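Chemist: Hey, dropping my_file_22.pdb in here, PDB, C-alpha atoms:
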ATOM      1  CA  MET A   1       4.999 -21.325  19.380
ATOM      2  CA  ASN A   2       5.201 -18.710  16.636
ATOM      3  CA  PRO A   3       1.861 -16.836  16.439
ATOM      4  CA  ASN A   4       2.562 -15.927  12.819
ATOM      5  CA  LYS A   5       2.224 -18.832  10.441
ATOM      6  CA  VAL A   6       3.557 -18.113   6.957
ATOM      7  CA  THR A   7       2.267 -20.370   4.195
ATOM      8  CA  ASP A   8       3.253 -20.813   0.578
ATOM      9  CA  MET A   9       1.695 -19.123  -2.451
ATOM     10  CA  ARG A  10      -0.922 -21.785  -3.087
ATOM     11  CA  SER A  11      -2.804 -22.797   0.003
ATOM     12  CA  VAL A  12      -3.189 -22.710   3.750
ATOM     13  CA  THR A  13      -2.204 -25.828   5.665
ATOM     14  CA  GLU A  14      -4.195 -27.964   8.073
ATOM     15  CA  PRO A  15      -4.088 -25.781  11.241
ATOM     16  CA  THR A  16      -6.390 -23.259   9.545
ATOM     17  CA  ARG A  17      -9.234 -25.748   9.137
ATOM     18  CA  SER A  18     -12.044 -25.153  11.571
ATOM     19  CA  CYS A  19     -15.803 -24.706  11.588
ATOM     20  CA  ALA A  20     -15.451 -20.928  12.117
ATOM     21  CA  PRO A  21     -16.166 -18.670   9.116
ATOM     22  CA  ARG A  22     -12.991 -18.040   7.148
ATOM     23  CA  VAL A  23     -12.011 -14.451   6.381
ATOM     24  CA  LEU A  24      -9.295 -13.500   3.898
ATOM     25  CA  ILE A  25      -7.611 -10.127   4.396
ATOM     26  CA  LEU A  26      -5.791  -8.777   1.354
ATOM     27  CA  GLY A  27      -3.236  -6.815   3.308
ATOM     28  CA  GLY A  28       0.108  -5.081   3.411
ATOM     29  CA  THR A  29      -1.103  -1.928   5.175
ATOM     30  CA  SER A  30      -1.191  -0.854   8.807
ATOM     31  CA  GLU A  31      -4.987  -1.019   8.673
ATOM     32  CA  ALA A  32      -4.820  -4.630   7.492
ATOM     33  CA  SER A  33      -2.479  -5.509  10.369
ATOM     34  CA  GLU A  34      -4.849  -3.842  12.827
ATOM     35  CA  LEU A  35      -7.733  -5.927  11.511
ATOM     36  CA  ALA A  36      -5.680  -9.127  11.605
ATOM     37  CA  THR A  37      -4.723  -8.484  15.230
ATOM     38  CA  GLU A  38      -8.373  -7.949  16.160
ATOM     39  CA  LEU A  39      -9.693 -10.987  14.297
ATOM     40  CA  ALA A  40      -6.869 -13.399  15.186
ATOM     41  CA  ALA A  41      -7.764 -12.998  18.872
ATOM     42  CA  ARG A  42     -11.326 -14.144  18.255
ATOM     43  CA  THR A  43     -12.672 -17.694  18.181
ATOM     44  CA  ASP A  44     -15.706 -17.028  15.992
ATOM     45  CA  VAL A  45     -13.662 -16.480  12.813
ATOM     46  CA  THR A  46     -10.516 -17.843  11.180
ATOM     47  CA  VAL A  47      -8.469 -15.058   9.622
ATOM     48  CA  ILE A  48      -5.874 -15.418   6.864
ATOM     49  CA  SER A  49      -3.785 -12.445   5.746
ATOM     50  CA  SER A  50      -2.376 -12.376   2.229
ATOM     51  CA  LEU A  51       0.687 -10.248   1.421
ATOM     52  CA  ALA A  52       1.836  -9.568  -2.131
ATOM     53  CA  GLY A  53       5.476 -10.297  -1.294
ATOM     54  CA  ARG A  54       6.886  -7.114  -2.836
ATOM     55  CA  VAL A  55       8.918  -6.319   0.295
ATOM     56  CA  SER A  56      11.758  -8.706   1.125
ATOM     57  CA  GLN A  57      11.165  -8.643   4.899
ATOM     58  CA  PRO A  58       7.521  -7.691   5.472
ATOM     59  CA  ARG A  59       6.116  -6.999   8.898
ATOM     60  CA  LEU A  60       3.924 -10.020   9.455
ATOM     61  CA  PRO A  61       0.433  -9.482  10.846
ATOM     62  CA  ALA A  62      -1.060 -11.632  13.607
ATOM     63  CA  GLY A  63      -2.570 -14.974  12.699
ATOM     64  CA  ILE A  64      -2.101 -17.026   9.555
ATOM     65  CA  VAL A  65      -0.155 -15.393   6.728
ATOM     66  CA  ARG A  66       0.334 -16.306   3.079
ATOM     67  CA  VAL A  67       2.807 -14.501   0.832
ATOM     68  CA  GLY A  68       2.724 -14.211  -2.949
ATOM     69  CA  GLY A  69       0.378 -13.635  -5.843
ATOM     70  CA  PHE A  70      -2.694 -15.665  -6.726
ATOM     71  CA  GLY A  71      -2.212 -15.880 -10.468
ATOM     72  CA  GLY A  72      -4.817 -13.404 -11.635
ATOM     73  CA  VAL A  73      -8.571 -13.576 -11.258
ATOM     74  CA  ALA A  74      -8.761 -17.287 -12.096
ATOM     75  CA  GLY A  75      -6.133 -18.137  -9.479
ATOM     76  CA  LEU A  76      -7.876 -16.039  -6.849
ATOM     77  CA  ILE A  77     -11.210 -17.712  -7.601
ATOM     78  CA  SER A  78      -9.583 -21.124  -7.167
ATOM     79  CA  TYR A  79      -7.979 -20.072  -3.894
ATOM     80  CA  LEU A  80     -11.211 -18.680  -2.458
ATOM     81  CA  ARG A  81     -13.091 -21.821  -3.446
ATOM     82  CA  ASP A  82     -10.419 -24.292  -2.288
ATOM     83  CA  GLU A  83      -9.914 -22.551   1.051
ATOM     84  CA  LYS A  84     -13.656 -22.108   1.600
ATOM     85  CA  ILE A  85     -13.304 -18.370   2.223
ATOM     86  CA  GLY A  86     -16.556 -16.807   3.409
ATOM     87  CA  VAL A  87     -15.675 -13.100   3.380
ATOM     88  CA  VAL A  88     -12.922 -11.110   1.652
ATOM     89  CA  ILE A  89     -11.577  -7.869   3.147
ATOM     90  CA  ASP A  90      -9.586  -5.738   0.721
ATOM     91  CA  ALA A  91      -7.280  -3.619   2.886
ATOM     92  CA  THR A  92      -4.523  -3.198   0.306
ATOM     93  CA  HIS A  93      -2.587  -0.020  -0.419
ATOM     94  CA  PRO A  94      -4.626   2.733  -2.115
ATOM     95  CA  PHE A  95      -2.481   2.323  -5.253
ATOM     96  CA  ALA A  96      -2.805  -1.491  -5.438
ATOM     97  CA  SER A  97      -5.542  -1.266  -8.045
ATOM     98  CA  LYS A  98      -4.814  -4.565  -9.814
ATOM     99  CA  ILE A  99      -5.416  -6.885  -6.857
ATOM    100  CA  SER A 100      -8.462  -4.841  -5.848
ATOM    101  CA  GLY A 101      -9.948  -5.220  -9.311
ATOM    102  CA  ASN A 102      -9.198  -8.941  -9.282
ATOM    103  CA  ALA A 103     -10.811  -9.284  -5.850
ATOM    104  CA  GLU A 104     -13.984  -7.602  -7.029
ATOM    105  CA  LEU A 105     -14.227  -9.858 -10.090
ATOM    106  CA  ALA A 106     -13.481 -13.022  -8.089
ATOM    107  CA  CYS A 107     -15.977 -12.215  -5.344
ATOM    108  CA  THR A 108     -18.652 -11.395  -7.911
ATOM    109  CA  ALA A 109     -18.027 -14.706  -9.685
ATOM    110  CA  LEU A 110     -18.413 -16.650  -6.435
ATOM    111  CA  SER A 111     -21.127 -14.421  -4.910
ATOM    112  CA  LEU A 112     -18.844 -13.743  -1.942
ATOM    113  CA  PRO A 113     -19.153 -10.593   0.180
ATOM    114  CA  LEU A 114     -16.306  -8.131  -0.291
ATOM    115  CA  ILE A 115     -15.569  -5.406   2.262
ATOM    116  CA  ALA A 116     -13.331  -2.700   0.787
ATOM    117  CA  LEU A 117     -11.240  -0.568   3.143
ATOM    118  CA  GLU A 118      -9.402   2.456   1.774
ATOM    119  CA  ARG A 119      -7.830   5.051   4.049
ATOM    120  CA  ALA A 120      -8.769   8.653   3.403
ATOM    121  CA  PRO A 121      -6.445  10.579   1.063
ATOM    122  CA  TRP A 122      -4.371  13.529   2.188
ATOM    123  CA  GLU A 123      -5.892  16.933   1.532
ATOM    124  CA  PRO A 124      -3.837  20.107   1.001
ATOM    125  CA  ASN A 125      -4.248  22.953   3.419
ATOM    126  CA  GLU A 126      -3.831  26.655   2.715
ATOM    127  CA  HIS A 127      -0.072  26.550   3.287
ATOM    128  CA  ASP A 128       0.602  23.622   0.923
ATOM    129  CA  CYS A 129       1.714  23.996  -2.683
ATOM    130  CA  TRP A 130       0.570  20.898  -4.558
ATOM    131  CA  TYR A 131       0.552  20.052  -8.244
ATOM    132  CA  THR A 132      -1.755  17.067  -8.749
ATOM    133  CA  VAL A 133      -0.952  14.687 -11.619
ATOM    134  CA  PRO A 134      -2.710  11.494 -12.744
ATOM    135  CA  ASP A 135       0.289   9.132 -12.789
ATOM    136  CA  ALA A 136       4.041   8.709 -12.414
ATOM    137  CA  GLN A 137       4.707   9.440 -16.091
ATOM    138  CA  ALA A 138       3.079  12.853 -15.780
ATOM    139  CA  ALA A 139       5.093  13.536 -12.627
ATOM    140  CA  ALA A 140       8.345  12.629 -14.403
ATOM    141  CA  SER A 141       7.602  15.024 -17.259
ATOM    142  CA  MET A 142       6.813  17.825 -14.829
ATOM    143  CA  VAL A 143       9.958  17.607 -12.683
ATOM    144  CA  ASN A 144      12.662  16.685 -15.204
ATOM    145  CA  HIS A 145      14.303  20.090 -15.576
ATOM    146  CA  LYS A 146      17.818  21.275 -14.871
ATOM    147  CA  HIS A 147      18.460  22.686 -11.408
ATOM    148  CA  ASN A 148      15.557  20.700  -9.892
ATOM    149  CA  ARG A 149      16.570  18.609  -6.908
ATOM    150  CA  VAL A 150      13.737  16.142  -6.445
ATOM    151  CA  PHE A 151      12.889  13.944  -3.474
ATOM    152  CA  LEU A 152      11.269  10.925  -5.118
ATOM    153  CA  SER A 153       9.183   9.109  -2.508
ATOM    154  CA  ILE A 154       6.822   6.799  -4.408
ATOM    155  CA  GLY A 155       8.081   3.333  -3.479
ATOM    156  CA  ARG A 156       9.897   1.230  -6.067
ATOM    157  CA  GLN A 157       7.130  -0.145  -8.283
ATOM    158  CA  GLU A 158       6.880   2.880 -10.587
ATOM    159  CA  LEU A 159      10.427   4.212 -10.544
ATOM    160  CA  GLY A 160      10.802   3.142 -14.171
ATOM    161  CA  ALA A 161       8.785   6.189 -15.198
ATOM    162  CA  PHE A 162      11.754   8.332 -14.091
ATOM    163  CA  SER A 163      14.560   6.207 -15.568
ATOM    164  CA  ASN A 164      15.002   8.505 -18.597
ATOM    165  CA  CYS A 165      14.988  11.731 -16.589
ATOM    166  CA  ASN A 166      18.486  13.007 -17.316
ATOM    167  CA  ASP A 167      18.146  16.670 -16.393
ATOM    168  CA  ALA A 168      16.935  16.786 -12.787
ATOM    169  CA  TRP A 169      18.728  15.302  -9.751
ATOM    170  CA  PHE A 170      16.807  12.784  -7.621
ATOM    171  CA  LEU A 171      16.945  11.581  -4.045
ATOM    172  CA  VAL A 172      15.189   8.213  -4.202
ATOM    173  CA  ARG A 173      13.855   6.548  -1.049
ATOM    174  CA  SER A 174      12.650   2.941  -0.985
ATOM    175  CA  ILE A 175      12.307   0.066   1.484
ATOM    176  CA  ASP A 176      14.137  -2.393  -0.794
ATOM    177  CA  ALA A 177      16.591  -1.826  -3.622
ATOM    178  CA  PRO A 178      14.664  -1.044  -6.816
ATOM    179  CA  GLY A 179      14.702  -3.408  -9.756
ATOM    180  CA  GLU A 180      14.119  -0.506 -12.146
ATOM    181  CA  THR A 181      16.881   1.656 -13.594
ATOM    182  CA  LEU A 182      17.290   4.819 -11.549
ATOM    183  CA  PRO A 183      17.650   8.270 -13.106
ATOM    184  CA  ALA A 184      21.169   9.091 -14.259
ATOM    185  CA  ASN A 185      21.645  11.735 -11.565
ATOM    186  CA  SER A 186      20.350  10.163  -8.371
ATOM    187  CA  LYS A 187      21.108   9.043  -4.845
ATOM    188  CA  LEU A 188      19.367   6.031  -3.279
ATOM    189  CA  ILE A 189      18.502   5.645   0.400
ATOM    190  CA  LEU A 190      16.889   2.486   1.755
ATOM    191  CA  LYS A 191      14.631   3.144   4.748
ATOM    192  CA  ARG A 192      11.304   1.963   6.103
ATOM    193  CA  GLY A 193       8.743   4.293   7.695
ATOM    194  CA  PRO A 194       7.266   5.677   9.787
ATOM    195  CA  PHE A 195       9.386   8.793   9.390
ATOM    196  CA  HIS A 196       9.634  11.644  11.886
ATOM    197  CA  LEU A 197       9.224  15.289  11.022
ATOM    198  CA  ASP A 198      12.603  16.422  12.393
ATOM    199  CA  ASP A 199      14.411  13.764  10.350
ATOM    200  CA  GLU A 200      12.508  14.706   7.189
ATOM    201  CA  LEU A 201      13.306  18.387   7.678
ATOM    202  CA  GLN A 202      17.002  17.641   8.150
ATOM    203  CA  MET A 203      17.126  15.411   5.072
ATOM    204  CA  LEU A 204      15.367  17.935   2.824
ATOM    205  CA  ARG A 205      17.658  20.719   3.987
ATOM    206  CA  THR A 206      20.852  18.651   3.732
ATOM    207  CA  GLU A 207      20.053  17.551   0.176
ATOM    208  CA  SER A 208      18.786  21.012  -0.876
ATOM    209  CA  ILE A 209      15.540  19.505  -2.148
ATOM    210  CA  SER A 210      13.433  21.853  -4.281
ATOM    211  CA  LEU A 211      10.579  19.490  -5.251
ATOM    212  CA  ILE A 212       8.926  16.400  -3.765
ATOM    213  CA  VAL A 213       7.132  13.696  -5.738
ATOM    214  CA  SER A 214       4.713  11.619  -3.676
ATOM    215  CA  LYS A 215       1.756   9.322  -4.100
ATOM    216  CA  ASN A 216      -1.372  10.388  -2.245
ATOM    217  CA  SER A 217      -1.211   7.346   0.005
ATOM    218  CA  GLY A 218      -2.966   8.851   3.017
ATOM    219  CA  GLY A 219      -2.290   7.660   6.549
ATOM    220  CA  THR A 220       0.332   8.770   9.035
ATOM    221  CA  ALA A 221       3.433   6.668   8.283
ATOM    222  CA  THR A 222       4.840   8.991   5.599
ATOM    223  CA  TYR A 223       2.823  12.160   6.158
ATOM    224  CA  SER A 224       5.783  13.839   7.830
ATOM    225  CA  LYS A 225       7.326  14.545   4.410
ATOM    226  CA  ILE A 226       4.197  16.554   3.553
ATOM    227  CA  GLU A 227       4.485  18.444   6.835
ATOM    228  CA  ALA A 228       8.161  19.074   6.136
ATOM    229  CA  ALA A 229       7.382  20.365   2.650
ATOM    230  CA  ARG A 230       4.836  22.752   4.165
ATOM    231  CA  THR A 231       7.332  24.006   6.724
ATOM    232  CA  LEU A 232      10.074  24.572   4.135
ATOM    233  CA  ARG A 233       7.648  25.795   1.440
ATOM    234  CA  ILE A 234       8.700  23.062  -0.980
ATOM    235  CA  PRO A 235       6.202  22.297  -3.780
ATOM    236  CA  VAL A 236       4.824  18.741  -3.932
ATOM    237  CA  VAL A 237       3.928  16.923  -7.136
ATOM    238  CA  MET A 238       1.147  14.666  -5.863
ATOM    239  CA  ILE A 239       0.221  11.565  -7.842
ATOM    240  CA  ASP A 240      -3.514  11.035  -7.646
ATOM    241  CA  ARG A 241      -5.040   7.700  -6.679
ATOM    242  CA  PRO A 242      -6.369   5.216  -9.228
ATOM    243  CA  MET A 243      -9.989   4.100  -9.076
ATOM    244  CA  LYS A 244      -9.898   0.792  -7.188
ATOM    245  CA  HIS A 245     -13.506  -0.234  -6.575
ATOM    246  CA  SER A 246     -16.899   0.194  -8.160
ATOM    247  CA  ALA A 247     -18.474  -0.842  -4.853
ATOM    248  CA  PRO A 248     -18.672   1.478  -1.803
ATOM    249  CA  VAL A 249     -15.612   1.626   0.456
ATOM    250  CA  VAL A 250     -15.114   2.327   4.162
ATOM    251  CA  SER A 251     -12.210   4.334   5.570
ATOM    252  CA  GLN A 252     -11.683   2.901   9.068
ATOM    253  CA  PRO A 253     -10.980  -0.629  10.389
ATOM    254  CA  VAL A 254     -13.825  -0.223  12.902
ATOM    255  CA  HIS A 255     -16.249   0.141   9.985
ATOM    256  CA  VAL A 256     -14.933  -3.099   8.507
ATOM    257  CA  LEU A 257     -15.574  -4.890  11.788
ATOM    258  CA  GLN A 258     -19.122  -3.496  11.862
ATOM    259  CA  LYS A 259     -19.807  -4.748   8.343
ATOM    260  CA  LEU A 260     -18.263  -8.108   9.167
ATOM    261  CA  ALA A 261     -20.483  -8.441  12.235
ATOM    262  CA  GLN A 262     -23.525  -7.831  10.051
ATOM    263  CA  LEU A 263     -22.426 -10.505   7.585
ATOM    264  CA  LEU A 264     -21.676 -13.072  10.286
TER
END
Here is a file; write its structure as structure tokens.
Modeler:
Amino acid sequence: MNPNKVTDMRSVTEPTRSCAPRVLILGGTSEASELATELAARTDVTVISSLAGRVSQPRLPAGIVRVGGFGGVAGLISYLRDEKIGVVIDATHPFASKISGNAELACTALSLPLIALERAPWEPNEHDCWYTVPDAQAAASMVNHKHNRVFLSIGRQELGAFSNCNDAWFLVRSIDAPGETLPANSKLILKRGPFHLDDELQMLRTESISLIVSKNSGGTATYSKIEAARTLRIPVVMIDRPMKHSAPVVSQPVHVLQKLAQLL
């Protein structure tokens, strides 16, 4: 029997019905998968993981899985009510501000507890050369100059900000092929992390990269590019995180489990 049950965009089917409290994890991160593995092994809760569906072949977490959007705040409220969700855990990517905002509004409307998990951001050390910018548009303006060879490692959702950059050359890395128009002078590589330091060093040297553009995602899966930049003394244009929550957040899955135990 397949331990991962994938459901459609609207609801969870009959095997999820039980008297145990129902927990919805808004996921897509390694931390969310860690929580799903922990909770799916327990009998005192029923855990459902929701993935946005932006990756064609996502790594499915343990337990019950649904894929797809909710249809805004109203759709999320309907889902939480229909599925009798008792607790929501927001363990989405640090840049997934829209779903986090919707989750806060929906939980407030239904008086549901929301536990927000956000991994700690990366911090520069004394050997790093970072230029912090507020968004992808600002990063595009900063790097679009002749003779710049830019490693663009921001995923595919915001590549459109660089589509009119005609002066610099870009090495673009993404899990899936982007739907946005790539810069005129660019090379696309499709790979999924985690990435290893030796491989990152070789790639940056081979492509003669002079600048890196990255989101401050935190975590370990893609940190090797930051280590490689430090080793090769390559400047990094770091896109700062958006504000996701007005409520307090925790930074470790163990803290989520502690809060959940208090609620249950």
Chemist: For this file, the PyMOL selection byres ((chain A and resi 238-248) around 6) selects which residues, as an mmCIF file with C-alpha atoms, in the frame of the given file?
Modeler:
data_model
loop_
_atom_site.group_PDB
_atom_site.id
_atom_site.type_symbol
_atom_site.label_atom_id
_atom_site.label_comp_id
_atom_site.auth_asym_id
_atom_site.auth_seq_id
_atom_site.Cartn_x
_atom_site.Cartn_y
_atom_site.Cartn_z
ATOM 1 C CA SER A 97 -5.542 -1.266 -8.045
ATOM 2 C CA SER A 100 -8.462 -4.841 -5.848
ATOM 3 C CA TYR A 131 0.552 20.052 -8.244
ATOM 4 C CA THR A 132 -1.755 17.067 -8.749
ATOM 5 C CA VAL A 133 -0.952 14.687 -11.619
ATOM 6 C CA PRO A 134 -2.710 11.494 -12.744
ATOM 7 C CA ASP A 135 0.289 9.132 -12.789
ATOM 8 C CA SER A 214 4.713 11.619 -3.676
ATOM 9 C CA LYS A 215 1.756 9.322 -4.100
ATOM 10 C CA ASN A 216 -1.372 10.388 -2.245
ATOM 11 C CA VAL A 236 4.824 18.741 -3.932
ATOM 12 C CA VAL A 237 3.928 16.923 -7.136
ATOM 13 C CA VAL A 249 -15.612 1.626 0.456
#
Chemist: Could you work out how far atom CA of Thr181 of chain A lies from atom CA of Gln202 of chain A, giving the answer in Å with one decimal?
Modeler: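 Pair atom CA of Gln202 of chain A / atom CA of Thr181 of chain A returns 27.0 Å.
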Chemist: Using the chain letters and numbers from the file, which residues does the PyMOL selection byres ((chain A and resi 111) around 12) grab, as a PyMOL selection string?
Modeler: chain A and resi 77+80-81+85-88+103-110+112-114
Chemist: Please return the centre and edge lengths, in Å to one decimal, of a box with edges along x, y and z that contains all listed atoms of segment 234-238 of chain A, widened by 4 Å on every side, as JSON.
Modeler:
{"center_x": 4.9, "center_y": 18.9, "center_z": -4.1, "size_x": 15.6, "size_y": 16.4, "size_z": 14.2}
Chemist: Counting only C-alpha atoms, which residues of segment 123-153 of chain A fall within 12 Å of segment 220-230 of chain A, and what is the closest atom pair for each with its distance in Å at one decimal, ordered by chain and rising number, as a tab-separated table?
Modeler:
residue	atom	partner	partner_atom	distance
A:Glu123	CA	A:Ile226	CA	10.3
A:Pro124	CA	A:Ile226	CA	9.1
A:Asn125	CA	A:Arg230	CA	9.1
A:Glu126	CA	A:Arg230	CA	9.6
A:His127	CA	A:Arg230	CA	6.3
A:Asp128	CA	A:Arg230	CA	5.4
A:Cys129	CA	A:Arg230	CA	7.6
A:Trp130	CA	A:Arg230	CA	9.9
A:Val150	CA	A:Ala229	CA	11.9
A:Phe151	CA	A:Lys225	CA	9.7
A:Leu152	CA	A:Lys225	CA	10.9
A:Ser153	CA	A:Lys225	CA	9.0
Chemist: Evaluate the PyMOL selection byres ((chain A and resi 190) around 9) here and jot the selected residues down as a VMD selection string.
Modeler: chain A and resid 172 to 177 188 to 189 191 to 192
Chemist: Give me, please, the distance in Å between atom CA of Gly27 of chain A and atom CA of Ala161 of chain A, quoted to one decimal.
Modeler: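 Pair atom CA of Gly27 of chain A / atom CA of Ala161 of chain A returns 25.6 Å.
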Chemist: What does the distance from atom CA of Trp122 of chain A to atom CA of His93 of chain A come to in Å, to one decimal?
Modeler: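 Going from atom CA of Trp122 of chain A over to atom CA of His93 of chain A covers 13.9 Å.
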Chemist: Mind listing as a VMD selection string all residues within 12 Å of (18.0, 5.7, -20.4), counting only C-alpha atoms?
Modeler: chain A and resid 160 to 167 180 to 185
Chemist: So which residues touch Ser251 of chain A within 7 Å, counting only C-alpha atoms, skipping near sequence neighbours fewer than 3 positions away, as JSON, numbers by chain?
Modeler: {"A": [117, 118, 119, 120]}
Chemist: Looking at A:Lys187, A:Lys84, A:Arg149, A:Arg156, which one is nearest to Val55 of chain A, with distances taken over only C-alpha atoms?
Modeler: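 Using only C-alpha atoms, the shortest distance to Val55 of chain A belongs to A:Arg156.
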Chemist: Using all atoms listed in the file, which residue out of A:Asn148, A:Ser49, A:Gln258, A:Thr43 lies closest to Leu211 of chain A?
Modeler: A:Asn148
Chemist: Using all atoms listed in the file and a cutoff of 7 Å, can you tell me which residues are near (-14.1, -3.5, 1.9) in the file's coordinates, and write them out as a list in words?
Modeler: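 Checking each residue against the 7 Å limit leaves Ile89, Asp90, Ala91, Leu114, Ile115, Ala116, Leu117, Val249, Val250 and Val256 of chain A.
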